[in-house]
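The file entry05.pdb comes next; it holds PDB, C-alpha atoms.
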ATOM      1  CA  MET S 496      20.869   1.753  -9.566
ATOM      2  CA  ARG S 497      21.511  -1.255  -7.344
ATOM      3  CA  TYR S 498      20.007  -3.612  -9.953
ATOM      4  CA  PRO S 499      22.075  -3.379 -13.130
ATOM      5  CA  CYS S 500      20.468  -6.593 -14.416
ATOM      6  CA  ARG S 501      16.934  -5.664 -13.224
ATOM      7  CA  PRO S 502      15.882  -9.262 -12.485
ATOM      8  CA  TRP S 503      12.189  -8.411 -12.034
ATOM      9  CA  LEU S 504      11.703  -7.392 -15.666
ATOM     10  CA  HIS S 505      11.461 -10.962 -16.958
ATOM     11  CA  LEU S 506       8.470 -11.528 -14.674
ATOM     12  CA  MET S 507       6.640  -8.743 -16.480
ATOM     13  CA  GLY S 508       7.518  -9.993 -19.970
ATOM     14  CA  ILE S 509       9.795  -7.017 -20.551
ATOM     15  CA  ALA S 510      13.081  -8.935 -20.571
ATOM     16  CA  PRO S 511      14.053 -12.586 -21.083
ATOM     17  CA  PHE S 512      14.779 -14.744 -18.043
ATOM     18  CA  ASN S 513      18.432 -14.837 -17.069
ATOM     19  CA  PRO S 514      19.494 -17.742 -14.783
ATOM     20  CA  SER S 515      22.054 -15.503 -13.082
ATOM     21  CA  TYR S 516      19.130 -13.655 -11.466
ATOM     22  CA  ALA S 517      18.650 -16.686  -9.222
ATOM     23  CA  LEU S 518      22.074 -16.018  -7.725
ATOM     24  CA  HIS S 519      20.756 -12.896  -6.000
ATOM     25  CA  SER S 520      20.053 -13.657  -2.351
ATOM     26  CA  PHE S 521      16.839 -12.300  -0.901
ATOM     27  CA  HIS S 522      18.837 -11.736   2.278
ATOM     28  CA  ASP S 523      21.336  -9.523   0.472
ATOM     29  CA  LEU S 524      20.290  -6.083   1.722
ATOM     30  CA  GLU S 525      22.709  -4.297  -0.599
ATOM     31  CA  ASN S 526      21.019  -5.669  -3.716
ATOM     32  CA  ARG S 527      17.449  -5.576  -2.422
ATOM     33  CA  MET S 528      15.169  -3.345  -4.479
ATOM     34  CA  GLN S 529      14.235  -0.091  -2.739
ATOM     35  CA  TRP S 530      11.215   2.155  -3.305
ATOM     36  CA  SER S 531      13.468   4.757  -4.930
ATOM     37  CA  ASP S 532      14.377   2.073  -7.521
ATOM     38  CA  VAL S 533      10.679   1.529  -8.282
ATOM     39  CA  LEU S 534      10.105   5.268  -8.701
ATOM     40  CA  ALA S 535      13.168   5.662 -10.947
ATOM     41  CA  GLU S 536      12.554   2.628 -13.186
ATOM     42  CA  PRO S 537      11.013   3.802 -16.505
ATOM     43  CA  THR S 538       9.667   0.342 -17.404
ATOM     44  CA  LEU S 539       7.441   0.414 -14.318
ATOM     45  CA  ARG S 540       5.690   3.641 -15.271
ATOM     46  CA  ASP S 541       2.185   3.628 -16.728
ATOM     47  CA  LEU S 542       1.454   0.024 -15.796
ATOM     48  CA  PRO S 543      -2.211  -0.807 -15.096
ATOM     49  CA  PHE S 544      -1.220  -2.181 -11.688
ATOM     50  CA  LYS S 545      -0.780  -1.031  -8.127
ATOM     51  CA  ILE S 546       2.827  -1.814  -7.202
ATOM     52  CA  GLU S 547       4.111  -2.739  -3.736
ATOM     53  CA  LEU S 548       7.460  -4.073  -2.483
ATOM     54  CA  ASN S 549       7.507  -7.027  -0.127
ATOM     55  CA  GLN S 550      10.001  -7.464   2.701
ATOM     56  CA  TRP S 551      12.530  -9.056   0.317
ATOM     57  CA  GLY S 552      12.457  -6.106  -2.099
ATOM     58  CA  MET S 553      10.399  -8.003  -4.676
ATOM     59  CA  ILE S 554       7.643  -6.296  -6.643
ATOM     60  CA  GLU S 555       4.044  -7.331  -6.048
ATOM     61  CA  MET S 556       1.424  -6.061  -8.482
ATOM     62  CA  SER S 557      -2.361  -5.904  -8.272
ATOM     63  CA  PRO S 558      -4.403  -5.294 -11.436
ATOM     64  CA  ALA S 559      -6.622  -2.232 -11.572
ATOM     65  CA  SER S 560     -10.399  -2.608 -11.911
ATOM     66  CA  THR S 561     -13.276  -0.198 -12.380
ATOM     67  CA  TRP S 562     -15.169  -1.582  -9.373
ATOM     68  CA  HIS S 563     -12.090  -1.214  -7.163
ATOM     69  CA  GLY S 564     -11.599   2.390  -8.301
ATOM     70  CA  SER S 565     -15.269   3.134  -7.684
ATOM     71  CA  ARG S 566     -14.996   1.939  -4.057
ATOM     72  CA  GLN S 567     -11.860   4.064  -3.591
ATOM     73  CA  THR S 568     -13.798   7.095  -4.841
ATOM     74  CA  LYS S 569     -16.712   6.390  -2.474
ATOM     75  CA  VAL S 570     -14.314   6.133   0.479
ATOM     76  CA  ILE S 571     -12.707   9.445  -0.526
ATOM     77  CA  GLN S 572     -16.140  11.105  -0.804
ATOM     78  CA  TYR S 573     -17.110   9.766   2.627
ATOM     79  CA  LEU S 574     -13.881  10.956   4.263
ATOM     80  CA  THR S 575     -14.236  14.359   2.589
ATOM     81  CA  ARG S 576     -17.715  14.777   4.131
ATOM     82  CA  LYS S 577     -16.691  13.570   7.602
ATOM     83  CA  LEU S 578     -13.147  14.848   8.176
ATOM     84  CA  ALA S 579     -12.591  18.481   7.251
ATOM     85  CA  ASN S 580      -9.155  18.791   8.836
ATOM     86  CA  GLY S 581      -6.444  16.632   7.374
ATOM     87  CA  GLU S 582      -5.560  15.184   4.017
ATOM     88  CA  ILE S 583      -6.876  12.267   1.991
ATOM     89  CA  LEU S 584      -4.272  10.324   0.023
ATOM     90  CA  THR S 585      -4.915   7.857  -2.768
ATOM     91  CA  GLU S 586      -2.500   4.947  -2.765
ATOM     92  CA  PRO S 587       0.140   6.408  -0.433
ATOM     93  CA  ALA S 588       3.381   4.424  -0.322
ATOM     94  CA  ILE S 589       4.209   3.501   3.292
ATOM     95  CA  GLN S 590       7.418   1.920   4.589
ATOM     96  CA  THR S 591       6.328  -0.998   6.787
ATOM     97  CA  ILE S 592       7.898  -4.011   8.458
ATOM     98  CA  ILE S 593       6.762  -6.128   5.466
ATOM     99  CA  GLY S 594       8.063  -3.781   2.782
ATOM    100  CA  VAL S 595       6.496  -0.808   1.043
ATOM    101  CA  ARG S 596       2.727  -1.223   1.178
ATOM    102  CA  VAL S 597       0.204   0.924  -0.632
ATOM    103  CA  PRO S 598      -3.291   1.105   0.874
ATOM    104  CA  ASP S 599      -6.034   2.152  -1.514
ATOM    105  CA  VAL S 600      -6.849   5.272   0.513
ATOM    106  CA  GLY S 601      -5.299   6.971   3.510
ATOM    107  CA  TRP S 602      -6.321   9.877   5.729
ATOM    108  CA  ARG S 603      -3.793  11.779   7.787
ATOM    109  CA  SER S 604      -4.018  14.734  10.111
ATOM    110  CA  ALA S 605      -2.680  18.156   9.223
ATOM    111  CA  LEU S 606       0.113  17.588  11.762
ATOM    112  CA  ALA S 607       1.179  14.345  10.048
ATOM    113  CA  GLN S 608       1.136  16.140   6.679
ATOM    114  CA  GLN S 609       3.290  18.958   8.039
ATOM    115  CA  THR S 610       5.698  16.531   9.695
ATOM    116  CA  HIS S 611       6.270  14.147   6.776
ATOM    117  CA  GLY S 612       5.125  16.140   3.750
ATOM    118  CA  TYR S 613       5.215  14.058   0.600
ATOM    119  CA  LEU S 614       8.084  11.689   1.312
ATOM    120  CA  SER S 615       7.787   8.500  -0.668
ATOM    121  CA  PRO S 616       7.535   6.093   0.941
ATOM    122  CA  LEU S 617       6.033   7.707   4.029
ATOM    123  CA  PRO S 618       7.920   6.728   7.197
ATOM    124  CA  LEU S 619       4.681   6.974   9.206
ATOM    125  CA  ALA S 620       1.350   5.511   8.073
ATOM    126  CA  PRO S 621      -1.679   7.787   7.739
ATOM    127  CA  GLU S 622      -3.981   7.601  10.769
ATOM    128  CA  ILE S 623      -6.567   5.747   8.650
ATOM    129  CA  CYS S 624      -5.472   3.177   6.053
ATOM    130  CA  VAL S 625      -8.188   1.738   3.808
ATOM    131  CA  GLU S 626      -7.933  -1.458   1.775
ATOM    132  CA  VAL S 627     -10.628  -2.235  -0.802
ATOM    133  CA  LEU S 628     -10.789  -6.022  -0.817
ATOM    134  CA  SER S 629     -10.438  -8.014  -4.019
ATOM    135  CA  SER S 630     -11.399 -11.636  -4.554
ATOM    136  CA  SER S 631      -7.690 -12.541  -4.562
ATOM    137  CA  ASN S 632      -7.063 -11.114  -1.062
ATOM    138  CA  THR S 633      -6.691 -13.691   1.702
ATOM    139  CA  ASP S 634      -7.422 -13.282   5.408
ATOM    140  CA  ALA S 635      -3.751 -13.944   6.151
ATOM    141  CA  GLU S 636      -2.642 -11.229   3.711
ATOM    142  CA  MET S 637      -5.040  -8.671   5.172
ATOM    143  CA  SER S 638      -4.033  -9.585   8.725
ATOM    144  CA  ALA S 639      -0.360  -9.057   7.801
ATOM    145  CA  LYS S 640      -1.149  -5.707   6.172
ATOM    146  CA  ARG S 641      -3.180  -4.565   9.191
ATOM    147  CA  GLY S 642      -0.291  -5.452  11.496
ATOM    148  CA  ALA S 643       2.177  -3.678   9.223
ATOM    149  CA  TYR S 644       0.058  -0.512   9.050
ATOM    150  CA  PHE S 645      -0.369  -0.468  12.837
ATOM    151  CA  ALA S 646       3.372  -1.015  13.360
ATOM    152  CA  ALA S 647       3.965   1.945  10.996
ATOM    153  CA  GLY S 648       1.690   4.183  13.097
ATOM    154  CA  ALA S 649      -1.849   3.787  11.708
ATOM    155  CA  GLN S 650      -4.633   4.211  14.264
ATOM    156  CA  GLU S 651      -7.320   2.478  12.189
ATOM    157  CA  VAL S 652      -7.430   0.112   9.225
ATOM    158  CA  TRP S 653     -10.670  -0.133   7.251
ATOM    159  CA  LEU S 654     -11.464  -3.074   4.992
ATOM    160  CA  VAL S 655     -14.096  -2.473   2.297
ATOM    161  CA  ALA S 656     -15.888  -5.671   1.245
ATOM    162  CA  ASP S 657     -17.607  -6.574  -2.059
ATOM    163  CA  ASP S 658     -20.940  -5.309  -0.715
ATOM    164  CA  SER S 659     -19.244  -1.994   0.292
ATOM    165  CA  ALA S 660     -19.543  -2.820   4.006
ATOM    166  CA  ILE S 661     -16.628  -1.403   5.962
ATOM    167  CA  THR S 662     -14.943  -3.280   8.793
ATOM    168  CA  VAL S 663     -12.946  -1.081  11.182
ATOM    169  CA  TYR S 664      -9.894  -2.357  13.054
ATOM    170  CA  THR S 665      -7.701  -0.692  15.662
ATOM    171  CA  ARG S 666      -4.603  -2.124  17.333
ATOM    172  CA  ASP S 667      -6.997  -3.728  19.826
ATOM    173  CA  GLY S 668      -8.960  -5.550  17.114
ATOM    174  CA  LEU S 669     -12.350  -5.269  15.437
ATOM    175  CA  ARG S 670     -14.433  -2.182  16.317
ATOM    176  CA  PRO S 671     -18.089  -1.350  15.624
ATOM    177  CA  ALA S 672     -17.216   2.232  14.627
ATOM    178  CA  SER S 673     -14.341   4.532  13.765
ATOM    179  CA  THR S 674     -13.029   6.507  16.724
ATOM    180  CA  ILE S 675     -11.528   9.081  14.347
ATOM    181  CA  VAL S 676     -14.732   9.683  12.371
ATOM    182  CA  GLY S 677     -16.987   9.051  15.376
ATOM    183  CA  GLU S 678     -19.342   6.603  13.671
ATOM    184  CA  ALA S 679     -19.477   3.360  11.742
ATOM    185  CA  PRO S 680     -18.430   4.305   8.191
ATOM    186  CA  VAL S 681     -21.051   3.664   5.509
ATOM    187  CA  LEU S 682     -20.569   4.128   1.775
TER     188      LEU S 682
END
If you took the structure in this file and wrote it as structure tokens, what would it be?
Amino acid sequence: MRYPCRPWLHLMGIAPFNPSYALHSFHDLENRMQWSDVLAEPTLRDLPFKIELNQWGMIEMSPASTWHGSRQTKVIQYLTRKLANGEILTEPAIQTIIGVRVPDVGWRSALAQQTHGYLSPLPLAPEICVEVLSSSNTDAEMSAKRGAYFAAGAQEVWLVADDSAITVYTRDGLRPASTIVGEAPVL
């Protein structure tokens, strides 16, 4: 493993802080945490968080909530009814220009599934990436994620608000409906 001292563990209360961690440069590509490190690290298993890696290889965690999971389920049910061909993914890891990002739900065509299988992280974003918004999400954060998903190949990004309203974006901006589904998505 590239991180023999595992500097992120002190942030989670798993290990004491070690000042030598500060010596690691965020620009040091050799020592930057990779998604394979996250998958292999036993202390990161079974956490009640969604884990992502930012562009500097640092872990970002979002706490799980029942409401959030309920909206994910409703999106999955909607996509199941509307898109027979393809595959729905919950929390697919995607390699993006801002690190490994994990949308709440993704839908990809059968061709994309055949081409990339179950690589983790996926080198190509699902055609639809869905983010269920939390109160902690900022407009700037969501704008950066949308740009990252589009740069990774997504055709649409859906944002699900507190009231379950869905906003659809394409590379060209805000849209009144999904071109993939053929209507404005409603949960």
Ground truth for the PyMOL selection byres ((chain S and resi 592) around 12), written as a PDB file with C-alpha atoms, in the frame of the given file:
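Wrote result-v3.pdb, looks like this:
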ATOM      1  CA  LEU S 548       7.460  -4.073  -2.483  1.00  0.00           C
ATOM      2  CA  ASN S 549       7.507  -7.027  -0.127  1.00  0.00           C
ATOM      3  CA  GLN S 550      10.001  -7.464   2.701  1.00  0.00           C
ATOM      4  CA  TRP S 551      12.530  -9.056   0.317  1.00  0.00           C
ATOM      5  CA  GLY S 552      12.457  -6.106  -2.099  1.00  0.00           C
ATOM      6  CA  ILE S 589       4.209   3.501   3.292  1.00  0.00           C
ATOM      7  CA  GLN S 590       7.418   1.920   4.589  1.00  0.00           C
ATOM      8  CA  THR S 591       6.328  -0.998   6.787  1.00  0.00           C
ATOM      9  CA  ILE S 593       6.762  -6.128   5.466  1.00  0.00           C
ATOM     10  CA  GLY S 594       8.063  -3.781   2.782  1.00  0.00           C
ATOM     11  CA  VAL S 595       6.496  -0.808   1.043  1.00  0.00           C
ATOM     12  CA  ARG S 596       2.727  -1.223   1.178  1.00  0.00           C
ATOM     13  CA  PRO S 618       7.920   6.728   7.197  1.00  0.00           C
ATOM     14  CA  LEU S 619       4.681   6.974   9.206  1.00  0.00           C
ATOM     15  CA  ALA S 620       1.350   5.511   8.073  1.00  0.00           C
ATOM     16  CA  ALA S 639      -0.360  -9.057   7.801  1.00  0.00           C
ATOM     17  CA  LYS S 640      -1.149  -5.707   6.172  1.00  0.00           C
ATOM     18  CA  ARG S 641      -3.180  -4.565   9.191  1.00  0.00           C
ATOM     19  CA  GLY S 642      -0.291  -5.452  11.496  1.00  0.00           C
ATOM     20  CA  ALA S 643       2.177  -3.678   9.223  1.00  0.00           C
ATOM     21  CA  TYR S 644       0.058  -0.512   9.050  1.00  0.00           C
ATOM     22  CA  PHE S 645      -0.369  -0.468  12.837  1.00  0.00           C
ATOM     23  CA  ALA S 646       3.372  -1.015  13.360  1.00  0.00           C
ATOM     24  CA  ALA S 647       3.965   1.945  10.996  1.00  0.00           C
ATOM     25  CA  GLY S 648       1.690   4.183  13.097  1.00  0.00           C
TER      26      GLY S 648
END
Open item on the list: (-9.9, 19.7, 11.7) in this file's frame - what residues fall within 12 Å of it? Use all atoms listed in the file and give the answer as a ChimeraX atom specification.
Closed with: /S:575-582,603-606,675-676
- [ ] Please check which residues have atoms at most 10 Å from (-14.0, -7.5, 1.3) in the file's coordinates, counting only C-alpha atoms, and write them as a list in words.
- [x]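 In the file's frame, the residues around the point are Glu626, Val627, Leu628, Ser629, Ser630, Ser631, Asn632, Thr633, Asp634, Met637, Leu654, Val655, Ala656, Asp657, Asp658, Ser659, Ala660, Ile661 and Thr662 of chain S.
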Open item on the list: I'd like the residues picked by the PyMOL selection byres ((chain S and resi 669-672) around 12) written out as a list in words, using the chain letters and numbers from the file.
Closed with: Ser638, Arg641, Gln650, Glu651, Val652, Trp653, Leu654, Ala660, Ile661, Thr662, Val663, Tyr664, Thr665, Arg666, Asp667, Gly668, Ser673, Thr674, Ile675, Val676, Gly677, Glu678, Ala679, Pro680 and Val681 of chain S
Open item on the list: Would you compute the distance between CA of Val533 (chain S) and CA of Met553 (chain S)? Give it in Å to one decimal.
Closed with: 10.2 Å
Open item on the list: Would you compute the distance between CA of Lys569 (chain S) and CA of Val600 (chain S)? Give it in Å to one decimal.
Closed with: 10.4 Å
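Taking CA of Pro616 (chain S) and CA of Pro587 (chain S) as endpoints, the distance between them is 7.5 Å.
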- [ ] Report the residues retrieved by the PyMOL selection byres ((chain S and resi 559) around 10) from the displayed file, expressed as an MDAnalysis selection string.
- [x] chainID S and resid 542:545 556:558 560:564
Task: Minimum-distance residue to Ile571 (chain S), chosen among S:Ile546, S:Cys624, S:Leu534, S:Ala649 (using all atoms listed in the file) - done: S:Cys624
Take every atom of region 656-669 of chain S listed in the file, pad by 3 Å on each side, and give me the axis-aligned box centre and edge lengths in Å, one decimal, as AutoDock Vina command-line options.
--center_x -12.8 --center_y -3.6 --center_z 8.9 --size_x 22.3 --size_y 11.9 --size_z 27.9
Could you add whatever atoms are missing so that region 656-667 of chain S carries all heavy atoms, then write the result as an mmCIF file, in the frame of the given file?
data_model
loop_
_atom_site.group_PDB
_atom_site.id
_atom_site.type_symbol
_atom_site.label_atom_id
_atom_site.label_comp_id
_atom_site.auth_asym_id
_atom_site.auth_seq_id
_atom_site.Cartn_x
_atom_site.Cartn_y
_atom_site.Cartn_z
ATOM 1 N N ALA S 656 -15.510 -4.388 1.841
ATOM 2 C CA ALA S 656 -15.888 -5.671 1.245
ATOM 3 C C ALA S 656 -16.622 -5.470 -0.083
ATOM 4 O O ALA S 656 -16.942 -4.345 -0.478
ATOM 5 C CB ALA S 656 -16.781 -6.445 2.212
ATOM 6 N N ASP S 657 -16.897 -6.591 -0.773
ATOM 7 C CA ASP S 657 -17.607 -6.574 -2.059
ATOM 8 C C ASP S 657 -18.932 -5.831 -1.991
ATOM 9 O O ASP S 657 -19.338 -5.161 -2.937
ATOM 10 C CB ASP S 657 -17.881 -7.999 -2.553
ATOM 11 C CG ASP S 657 -16.634 -8.656 -3.116
ATOM 12 O OD1 ASP S 657 -15.640 -7.947 -3.366
ATOM 13 O OD2 ASP S 657 -16.662 -9.883 -3.292
ATOM 14 N N ASP S 658 -19.633 -5.959 -0.864
ATOM 15 C CA ASP S 658 -20.940 -5.309 -0.715
ATOM 16 C C ASP S 658 -20.810 -3.875 -0.199
ATOM 17 O O ASP S 658 -21.796 -3.257 0.188
ATOM 18 C CB ASP S 658 -21.854 -6.128 0.193
ATOM 19 C CG ASP S 658 -21.301 -6.263 1.612
ATOM 20 O OD1 ASP S 658 -20.201 -5.734 1.901
ATOM 21 O OD2 ASP S 658 -21.979 -6.913 2.427
ATOM 22 N N SER S 659 -19.586 -3.342 -0.168
ATOM 23 C CA SER S 659 -19.244 -1.994 0.292
ATOM 24 C C SER S 659 -19.329 -1.824 1.805
ATOM 25 O O SER S 659 -19.194 -0.710 2.305
ATOM 26 C CB SER S 659 -20.091 -0.923 -0.406
ATOM 27 O OG SER S 659 -19.825 -0.925 -1.788
ATOM 28 N N ALA S 660 -19.573 -2.899 2.540
ATOM 29 C CA ALA S 660 -19.543 -2.820 4.006
ATOM 30 C C ALA S 660 -18.105 -2.576 4.451
ATOM 31 O O ALA S 660 -17.165 -3.134 3.881
ATOM 32 C CB ALA S 660 -20.075 -4.112 4.612
ATOM 33 N N ILE S 661 -17.956 -1.747 5.457
ATOM 34 C CA ILE S 661 -16.628 -1.403 5.962
ATOM 35 C C ILE S 661 -16.437 -2.001 7.344
ATOM 36 O O ILE S 661 -17.259 -1.802 8.236
ATOM 37 C CB ILE S 661 -16.423 0.122 6.012
ATOM 38 C CG1 ILE S 661 -16.530 0.715 4.606
ATOM 39 C CG2 ILE S 661 -15.076 0.466 6.650
ATOM 40 C CD1 ILE S 661 -16.428 2.226 4.559
ATOM 41 N N THR S 662 -15.332 -2.726 7.505
ATOM 42 C CA THR S 662 -14.943 -3.280 8.793
ATOM 43 C C THR S 662 -13.802 -2.418 9.324
ATOM 44 O O THR S 662 -12.836 -2.150 8.609
ATOM 45 C CB THR S 662 -14.467 -4.738 8.640
ATOM 46 O OG1 THR S 662 -15.483 -5.479 7.954
ATOM 47 C CG2 THR S 662 -14.209 -5.366 9.984
ATOM 48 N N VAL S 663 -13.937 -1.966 10.568
ATOM 49 C CA VAL S 663 -12.946 -1.081 11.182
ATOM 50 C C VAL S 663 -12.129 -1.859 12.206
ATOM 51 O O VAL S 663 -12.684 -2.543 13.066
ATOM 52 C CB VAL S 663 -13.632 0.125 11.874
ATOM 53 C CG1 VAL S 663 -12.607 1.001 12.586
ATOM 54 C CG2 VAL S 663 -14.428 0.941 10.867
ATOM 55 N N TYR S 664 -10.810 -1.742 12.096
ATOM 56 C CA TYR S 664 -9.894 -2.357 13.054
ATOM 57 C C TYR S 664 -9.036 -1.276 13.695
ATOM 58 O O TYR S 664 -8.662 -0.296 13.042
ATOM 59 C CB TYR S 664 -8.942 -3.335 12.365
ATOM 60 C CG TYR S 664 -9.604 -4.581 11.855
ATOM 61 C CD1 TYR S 664 -10.153 -4.624 10.581
ATOM 62 C CD2 TYR S 664 -9.671 -5.729 12.645
ATOM 63 C CE1 TYR S 664 -10.765 -5.781 10.106
ATOM 64 C CE2 TYR S 664 -10.272 -6.886 12.183
ATOM 65 C CZ TYR S 664 -10.812 -6.900 10.913
ATOM 66 O OH TYR S 664 -11.411 -8.041 10.451
ATOM 67 N N THR S 665 -8.725 -1.468 14.974
ATOM 68 C CA THR S 665 -7.701 -0.692 15.662
ATOM 69 C C THR S 665 -6.649 -1.692 16.130
ATOM 70 O O THR S 665 -6.794 -2.898 15.917
ATOM 71 C CB THR S 665 -8.275 0.071 16.882
ATOM 72 O OG1 THR S 665 -8.684 -0.871 17.864
ATOM 73 C CG2 THR S 665 -9.437 0.975 16.476
ATOM 74 N N ARG S 666 -5.636 -1.205 16.804
ATOM 75 C CA ARG S 666 -4.603 -2.124 17.333
ATOM 76 C C ARG S 666 -5.213 -3.171 18.264
ATOM 77 O O ARG S 666 -4.674 -4.249 18.433
ATOM 78 C CB ARG S 666 -3.534 -1.329 18.076
ATOM 79 C CG ARG S 666 -2.625 -0.554 17.167
ATOM 80 C CD ARG S 666 -1.570 0.204 17.975
ATOM 81 N NE ARG S 666 -0.755 1.007 17.111
ATOM 82 C CZ ARG S 666 -1.039 2.250 16.755
ATOM 83 N NH1 ARG S 666 -2.115 2.835 17.191
ATOM 84 N NH2 ARG S 666 -0.236 2.918 15.957
ATOM 85 N N ASP S 667 -6.344 -2.821 18.884
ATOM 86 C CA ASP S 667 -6.997 -3.728 19.826
ATOM 87 C C ASP S 667 -7.936 -4.718 19.152
ATOM 88 O O ASP S 667 -8.518 -5.556 19.824
ATOM 89 C CB ASP S 667 -7.771 -2.924 20.881
ATOM 90 C CG ASP S 667 -6.839 -2.049 21.722
ATOM 91 O OD1 ASP S 667 -5.701 -2.493 21.998
ATOM 92 O OD2 ASP S 667 -7.246 -0.932 22.083
#
